[in-house]
Amino acid sequence: MRRDTPWSRRAFLQGIGYTSGIGVLNKITSVNKIPGAAHSGMAPKTGFAYVGSADEVGTSGIHIFEIRGDQWKWKQNIPNRSPVSLLLHSNQQSLYVVNEVDEHEGLPRGTVEAYRIDAHDGSLALMNRQPLSLSGIKPRHAIVSPDGNYLIVAIHGGGAYNVLPIGPDGAVQRVSQILKEVGAGTHPVYQASAHPHTVAFDATGQYFLATDAGCDWINLFTFQNGRMMRTQQTLSQPASGPGHLAMHPSGKFFYVSNTLDGSIDCYRCANKKEIHHEQRIAIHTKTASAEAQHIVISSSGRNLYVASDEGISVWEIDPITGKLSAIQQWSMKNRSLRTLILSPDQEHLLVADSFRHELLSIPVHTESGKLGAASIVANAIPFTSLAVKYI
Amino acid sequence: MAITVTQQDPRYQTLKKSRNLRLPASEADFASRIELCETASDTAEALQRIVSAGLRPTVRCGGHCYEDFVVNNPGGAILDFSLLEESHSAEDGARYRINPGKQLGDIYLDLYKRYGLTIPAGTCYSVGAGGHISGGGYGVLSRLHGLTTDWVSAVDILTVDANGKVIQRRVDKQHDPDLFRACRGAGGGNFGVITAFLFDKLPQAPQEVVHTGVSFDWTTMTEDRFIAILTTFGNYWETRGKDPDTYGLFSIMDISHASTKRFGLSLQFCNPDGTCKDLSVVNEFLDLFSHCNPSPGAPAPAGDRAIARPALSDEPCTGTHPMYRRLWLDATIGGGGGEGSGRAKYKSTYMKHNFTAEEAKCIYKHMTSDLHGIEMRGFVLAVDSYGGVINQSHLAEETSICQRSSIMKLQFQSYWQNAEDDAGRLKWLKDFYSDLYSGPNVDPRYTSTPYPGEHYEGCYINYPDSDMLAYPFWPQLYYGDQGLYPFLQSVKRRYDPNNVFHHAMSIRL
């Protein structure tokens with residue numbers, strides 16, 4: 001495996017820091033004041049945001065916000081057990097929730113849930129809850145297949161993948177396939193066993209990639225007729241702990257944020273059969289952590305965004321090689337930026353600050369991909385996961 | 001090479017099943033294939049194939065698991081040991097080897113005919129050795145000779161290392177002693193696949209035994225007399241039953257529902273030397289019930305486990321109480337039952353002391369109550385004598401059976417045929433159990449359970465009860481609260497870090 005020269009963040013432009021005078025509120029609020037809107041003159045976007053939250057004392061739920069332009073209005077909170085990952089069905093009518101729990105009805109297994117989204121007011125109604133396979137504890141991530149017919153869950157704690165069909169009504173059906181992983185890495189604490197972390201489909205839905213933070217594997221699976229089959233494994237840097245994964249829209253490249261050493265790897269996926277490592281960027285040095293930096297790629301495929309405790313780094317993606325070049329370091333002090341998504345129109349980056357319990361909206365420059373000034377759209381919630389739909 | 005039976009194979013529909021037709025709960029939960037292993041090397045190869053394919057292995061020896069730990073394996077594979085060929089002949093003239101796929105009845109026959117030896121294991125002929133011994137293994141000779149697992153000297157086991165490679169190990173007190181201890185009582189399906197139990201020595205089989213019993217009429221029963229019967233039984237094991245000359249006495253009080261008209265006790269006895277020359281212990285024991293208006297002879301066993309009924313060839317003994325002298329081997333393999341294939345549910349309790357009057361009243365109340373729409377026959381509370389040689393305290397540290405102070409072990413049983421009765425049957429038994437353990441003997445923190453303490457020693461892992469999973473302290477019910485469960489978790493982390501071997505009540509990482 002090739003290792004590239006560590007990236008120096010001094011090379012980045014200094015981003016525009018958050019300077020709002022809005023203080024931390026004592027209760028859940030939505031914040032209406034947005035400086036520097038990037039799309040003046042346009043009809044305001046409307047939609048709904050679904051925000052998973054979990055605090056240290058175990059209170060957790062899904063908060064629903066109504067979005068009108070840059071204004072977020074809190075509407076509803078649904079109690080929920082550790083909603084670590086939220087994902088929308090491609091038809092925008094269902095929301096799926098991954099519950100990072102280690103027990104369900106007395107048995108060691110996590111759960112996933114399907115909610116029906118009210119088309120008018122965005123409210124959620126639980127359709128059903130499905131347990132994962134036995135020993136499938138603490139799942140962290142899932143993805144809906146591009147055809148909308150299956151949910152694939154990466155079970156971090158239990159070391160397995162589960163496939164669950166999605167019914168015509170959007171409800172999630174019982175587990176139809178279990179793939180039990182085995183393996184270990186060299187880190188004595190975090191890599192004693194397999195820990196599937198993230199799954200990501202290619203646009204065709206014929207294969208998907210999965211990272212395993214426990215044994216440093218990048219896995220390539222074919223997916224046909226609702227069944228997954230491993231076709232290749234590529235070993236990442238030992239003790240790196242591959243975590244979040246973002247697939248390039250072209251399907252030719254993908255990027256992995258590593259949990260244990262804070263690096264970002266670029267891989268090329270050739271002919272949907274082979275994985276080649278292209279580039280490694282050391283964002284910063286980590287001593288020990290089980291949290292990977294969240295990453296997201298713009299739908300244009302031009303930019304990669306990486307969230308960290310120090311801000312957000314913005315990268316330009318070479319369309320030929322897939323390699324990354326730094327174009328901006330967007331900094332905020334005393335922050336711990338975690339969950340990171342792009343708004344459906346790609347005009348804002350939405351990022352949760354787990355330190356200050358704030359949700360930030362950051363305008364994205366249409367051409368350059370660089371970030372503008374942040375504003376708080378919600379606060380007083382320990383955010384863990386996020387999904388947004390526009391109407 | 002193991003014989004692979006897939007869903008397309010006509011044998012699949014037969015071989016996928018559990019003896020307990022209640023299990024698994026859904027047709028979709030059945031394993032996708034069965035691997036019939038004929039040798040230990042077959043097993044290693046099949047296990048490696050299963051693990052490498054990302055499937056979950058479960059292991060079946062006799063198929064008697066009380067819960068769905070084996071057959072509930074959707075998409076996975078069952079390693080079936082019923083064809084495992086190695087016999088339990090002496091190994092190198094020094095050790096006795098027991099193949100986990102062998103049925104207890106066959107083991108009794110083989111060990112006796114070859115060596116005149118036996119294992120102090122259970123009464124059901126068709127129970128497989130693997131699960132039975134790894135969970136403890138007790139039977140009518142256990143007060144005299146201890147648990148079967150107490151005699152185990154070494155274990156051959158396949159484990160799966162962190163990288164998914166199958167490792168063959170022989171574990172004993174010198175080699176992987178932590179895993180060896182865990183294999184002696186923690187229960188099956190936790191750490192790996194046991195392919196052999198090895199014994200440096202085994203107890204001599206008795207030459208002969210006597211069988212007898214008494215029964216009581218439910219139709220004329222009163223609560224006071226019921227209490228007297230139950231506490232008389234319990235008091236014996238708490239007092240006189242602790243004397244070594246009584247260790248050859250094993251008795252089961254089968255309390256069936258009142259609708260069966262009769263209930264009673266059966267017993268097997270031999271003197272410590274394996275003969276029945278002196279029957280004074282039996283007469284003394286039966287005399288205790290003379291004031292309870294008994295009828296001679298044990299009632300027909302209601303469950304699938306019991307001390308064998310007398311046969312015509314048995315020799316009547318002279319004396320006050322009718323009893324029959326039988327050759328031990330005939331008595332042991334002659335009527336053990338265990339062939340039932342209906343629906344069933346079980347619960348268990350280790351008891352350190354005699355029944356209190358409140359407990360006896362509670363049992364009486366439930367065994368005389370009716371449940372609308374439910375056939376009440378088939379509910380049995382079997383109260384087994386316990387203790388004797390089992391209760392050597394040092395064995396709690398050497399094995400993974402921590403219950404070394406109990407004088408009785410209770411097995412709550414329910415048997416029925418129709419799936420429509422599942423809910424009512426399960427609820428009745430659950431309510432009975434919960435009610436019995438909600439009295440003043442139970443710490444309010446652990447209400448509805450026999451949590452280990454002054455009165456109880458929890459539950460038996462070979463009588464697993466998934467209802468106990470509702471309690472966060474369920475591991476302490478089965479493994480106590482003196483450090484055994486954390487020890488077993490450390491063994492699990494070391495030898496099965498990826499939790500390849502798991503079921504609803506397996507040791508959790």
# chains A, B, ... in the order shown; residues from 1 in each chain; ligands from 1
$ select_by_dssp --residues "range 351-505 of chain B" --states "strand (DSSP E)" --output "list in words"
Met351, Phe379, Val380, Leu381, Ala382, Val383, Asp384, Ser385, Met408, Lys409, Leu410, Gln411, Phe412, Gln413, Ser414, Tyr415 and Trp416 of chain B
$ interface_residues --of "chain A" --to "chain B" --cutoff "10 Å" --atoms "only C-alpha atoms" --output "PyMOL selection string"
chain A and resi 104-109+133-135+157-161+174-185+191-195+215+229-230
$ write_last_selection --atoms "C-alpha atoms" --output "compact mmCIF listing (two decimals), in the first residue's frame"
# COMPACT_ATOMS: atom_id res chain seq x y z
CA HIS A 104 -33.96 -6.11 22.16
CA GLU A 105 -36.61 -8.03 24.05
CA GLY A 106 -33.94 -9.60 26.19
CA LEU A 107 -31.90 -10.89 23.27
CA PRO A 108 -28.51 -9.59 22.18
CA ARG A 109 -29.39 -7.80 18.97
CA SER A 133 -29.78 -11.25 13.73
CA LEU A 134 -28.87 -12.80 17.06
CA SER A 135 -25.64 -11.28 18.42
CA GLY A 157 -20.80 -4.50 17.67
CA GLY A 158 -21.92 -7.92 16.55
CA GLY A 159 -19.59 -8.21 13.60
CA ALA A 160 -22.09 -9.00 10.87
CA TYR A 161 -24.07 -7.69 7.92
CA ARG A 174 -37.37 -9.77 8.76
CA VAL A 175 -33.70 -10.41 8.10
CA SER A 176 -33.29 -12.42 4.91
CA GLN A 177 -29.54 -12.84 4.93
CA ILE A 178 -26.89 -12.84 7.62
CA LEU A 179 -23.20 -12.65 6.93
CA LYS A 180 -21.18 -13.23 10.07
CA GLU A 181 -17.78 -11.62 9.94
CA VAL A 182 -14.65 -12.85 11.65
CA GLY A 183 -11.35 -11.11 11.88
CA ALA A 184 -9.18 -8.90 14.01
CA GLY A 185 -6.65 -6.14 13.66
CA GLN A 191 -9.59 -4.41 16.93
CA ALA A 192 -10.14 -7.58 18.91
CA SER A 193 -12.88 -8.61 16.50
CA ALA A 194 -14.62 -7.60 13.30
CA HIS A 195 -16.56 -4.30 13.37
CA CYS A 215 -9.90 -5.87 11.03
CA MET A 229 -21.71 -12.10 -1.83
CA ARG A 230 -18.20 -11.00 -1.09
$ select_by_dssp --residues "range 246-469 of chain B" --states "helix (DSSP H, G or I)" --output "count of residues only"
65
$ residues_around --residues "Cys183 in chain B" --least-positions-apart "2" --cutoff "9 Å" --atoms "only C-alpha atoms" --output "list of chain:residue names"
B:Ile133, B:Ser134, B:Gly135, B:Thr149, B:Val155, B:Asp178, B:Leu179, B:Phe180, B:Arg181, B:Gly185, B:Ala186, B:Gly187, B:Gly188, B:Asn190, B:Phe191, B:Ile194, B:Thr399, B:Ser400
$ write_last_selection --atoms "C-alpha atoms" --output "mmCIF file, in the first residue's frame"
data_model
loop_
_atom_site.group_PDB
_atom_site.id
_atom_site.type_symbol
_atom_site.label_atom_id
_atom_site.label_comp_id
_atom_site.auth_asym_id
_atom_site.auth_seq_id
_atom_site.Cartn_x
_atom_site.Cartn_y
_atom_site.Cartn_z
ATOM 1 C CA ILE B 133 -21.894 -32.927 30.007
ATOM 2 C CA SER B 134 -20.864 -29.421 29.008
ATOM 3 C CA GLY B 135 -23.778 -28.078 31.066
ATOM 4 C CA THR B 149 -18.581 -32.875 34.361
ATOM 5 C CA VAL B 155 -11.724 -31.893 26.477
ATOM 6 C CA ASP B 178 -9.488 -21.444 31.735
ATOM 7 C CA LEU B 179 -11.198 -22.913 28.688
ATOM 8 C CA PHE B 180 -11.132 -26.333 30.316
ATOM 9 C CA ARG B 181 -12.976 -25.008 33.335
ATOM 10 C CA GLY B 185 -20.564 -26.688 33.212
ATOM 11 C CA ALA B 186 -21.100 -23.390 31.407
ATOM 12 C CA GLY B 187 -23.345 -25.040 28.842
ATOM 13 C CA GLY B 188 -23.088 -25.817 25.152
ATOM 14 C CA ASN B 190 -20.499 -20.926 24.001
ATOM 15 C CA PHE B 191 -16.836 -21.314 23.170
ATOM 16 C CA ILE B 194 -16.384 -30.123 21.685
ATOM 17 C CA THR B 399 -15.746 -26.365 37.200
ATOM 18 C CA SER B 400 -18.325 -23.889 35.939
#
$ closest_residue --among "B:Ser126, B:Gln268, B:Asn391, B:Thr43" --to "Asp150 in chain B" --atoms "only C-alpha atoms"
B:Asn391
$ residues_around --residues "Trp217 in chain A" --least-positions-apart "6" --cutoff "7 Å" --atoms "only C-alpha atoms" --output "list in words"
Thr211, Gln233, Thr234, Leu235 and Ser236 of chain A
$ closest_residue --among "B:Asn235, B:Ser385, B:Gln204, B:Thr219" --to "Gly139 in chain B" --atoms "only C-alpha atoms"
B:Ser385
$ residues_around --residues "Ser414 in chain B" --least-positions-apart "3" --cutoff "10 Å" --atoms "only C-alpha atoms" --output "PyMOL selection string"
chain B and resi 256+302-303+343-347+376-381+411+425-426+428-429
$ residues_around --residues "Asp353 in chain A" --least-positions-apart "4" --cutoff "8 Å" --atoms "only C-alpha atoms" --output "list in words"
Arg335, Ser336, Leu337, Arg338, Thr339, His357, Glu358, Leu359, Leu360 and Phe383 of chain A
$ write_last_selection --atoms "N, CA and C atoms" --output "mmCIF file, in the first residue's frame"
data_model
loop_
_atom_site.group_PDB
_atom_site.id
_atom_site.type_symbol
_atom_site.label_atom_id
_atom_site.label_comp_id
_atom_site.auth_asym_id
_atom_site.auth_seq_id
_atom_site.Cartn_x
_atom_site.Cartn_y
_atom_site.Cartn_z
ATOM 1 N N ARG A 335 -14.977 23.142 18.930
ATOM 2 C CA ARG A 335 -16.090 22.411 18.317
ATOM 3 C C ARG A 335 -15.734 20.939 18.202
ATOM 4 N N SER A 336 -16.727 20.150 18.058
ATOM 5 C CA SER A 336 -16.515 18.737 17.755
ATOM 6 C C SER A 336 -17.540 18.365 16.690
ATOM 7 N N LEU A 337 -17.139 18.544 15.461
ATOM 8 C CA LEU A 337 -18.075 18.392 14.348
ATOM 9 C C LEU A 337 -18.168 16.924 13.951
ATOM 10 N N ARG A 338 -19.365 16.429 13.929
ATOM 11 C CA ARG A 338 -19.577 15.007 13.668
ATOM 12 C C ARG A 338 -20.428 14.802 12.410
ATOM 13 N N THR A 339 -21.684 14.502 12.638
ATOM 14 C CA THR A 339 -22.543 14.148 11.515
ATOM 15 C C THR A 339 -22.514 15.224 10.440
ATOM 16 N N HIS A 357 -23.628 20.943 21.049
ATOM 17 C CA HIS A 357 -24.994 20.494 20.779
ATOM 18 C C HIS A 357 -25.715 21.470 19.858
ATOM 19 N N GLU A 358 -25.065 21.799 18.788
ATOM 20 C CA GLU A 358 -25.655 22.707 17.806
ATOM 21 C C GLU A 358 -25.627 22.056 16.424
ATOM 22 N N LEU A 359 -26.584 22.449 15.628
ATOM 23 C CA LEU A 359 -26.611 21.998 14.246
ATOM 24 C C LEU A 359 -26.342 23.214 13.370
ATOM 25 N N LEU A 360 -25.318 23.110 12.567
ATOM 26 C CA LEU A 360 -24.879 24.245 11.768
ATOM 27 C C LEU A 360 -25.230 24.041 10.301
ATOM 28 N N PHE A 383 -26.978 15.970 18.914
ATOM 29 C CA PHE A 383 -27.267 15.348 17.616
ATOM 30 C C PHE A 383 -26.368 14.132 17.349
#
$ atom_distance --atom1 "CA of Thr220 in chain B" --atom2 "CA of Asp384 in chain B"
24.5 Å
$ atom_distance --atom1 "CA of Glu66 in chain A" --atom2 "CA of Pro165 in chain A"
29.7 Å
$ residues_around --residues "Tyr364 in chain B" --least-positions-apart "5" --cutoff "12 Å" --atoms "only C-alpha atoms" --output "list in words"
Trp218, Met221, Thr222, Glu223, Asp224, Arg225, Phe226, Ile227, Ala228, Ile229, Leu230, Ile255, Ser256, His257, Ala258, Phe263, Ala357, Glu358, Glu359, Ser369, Asp370, Leu381, Phe432, Asp435 and Leu436 of chain B
$ closest_residue --among "B:Leu484, B:Met1, B:Leu109, B:Cys65" --to "His132 in chain B" --atoms "only C-alpha atoms"
B:Cys65
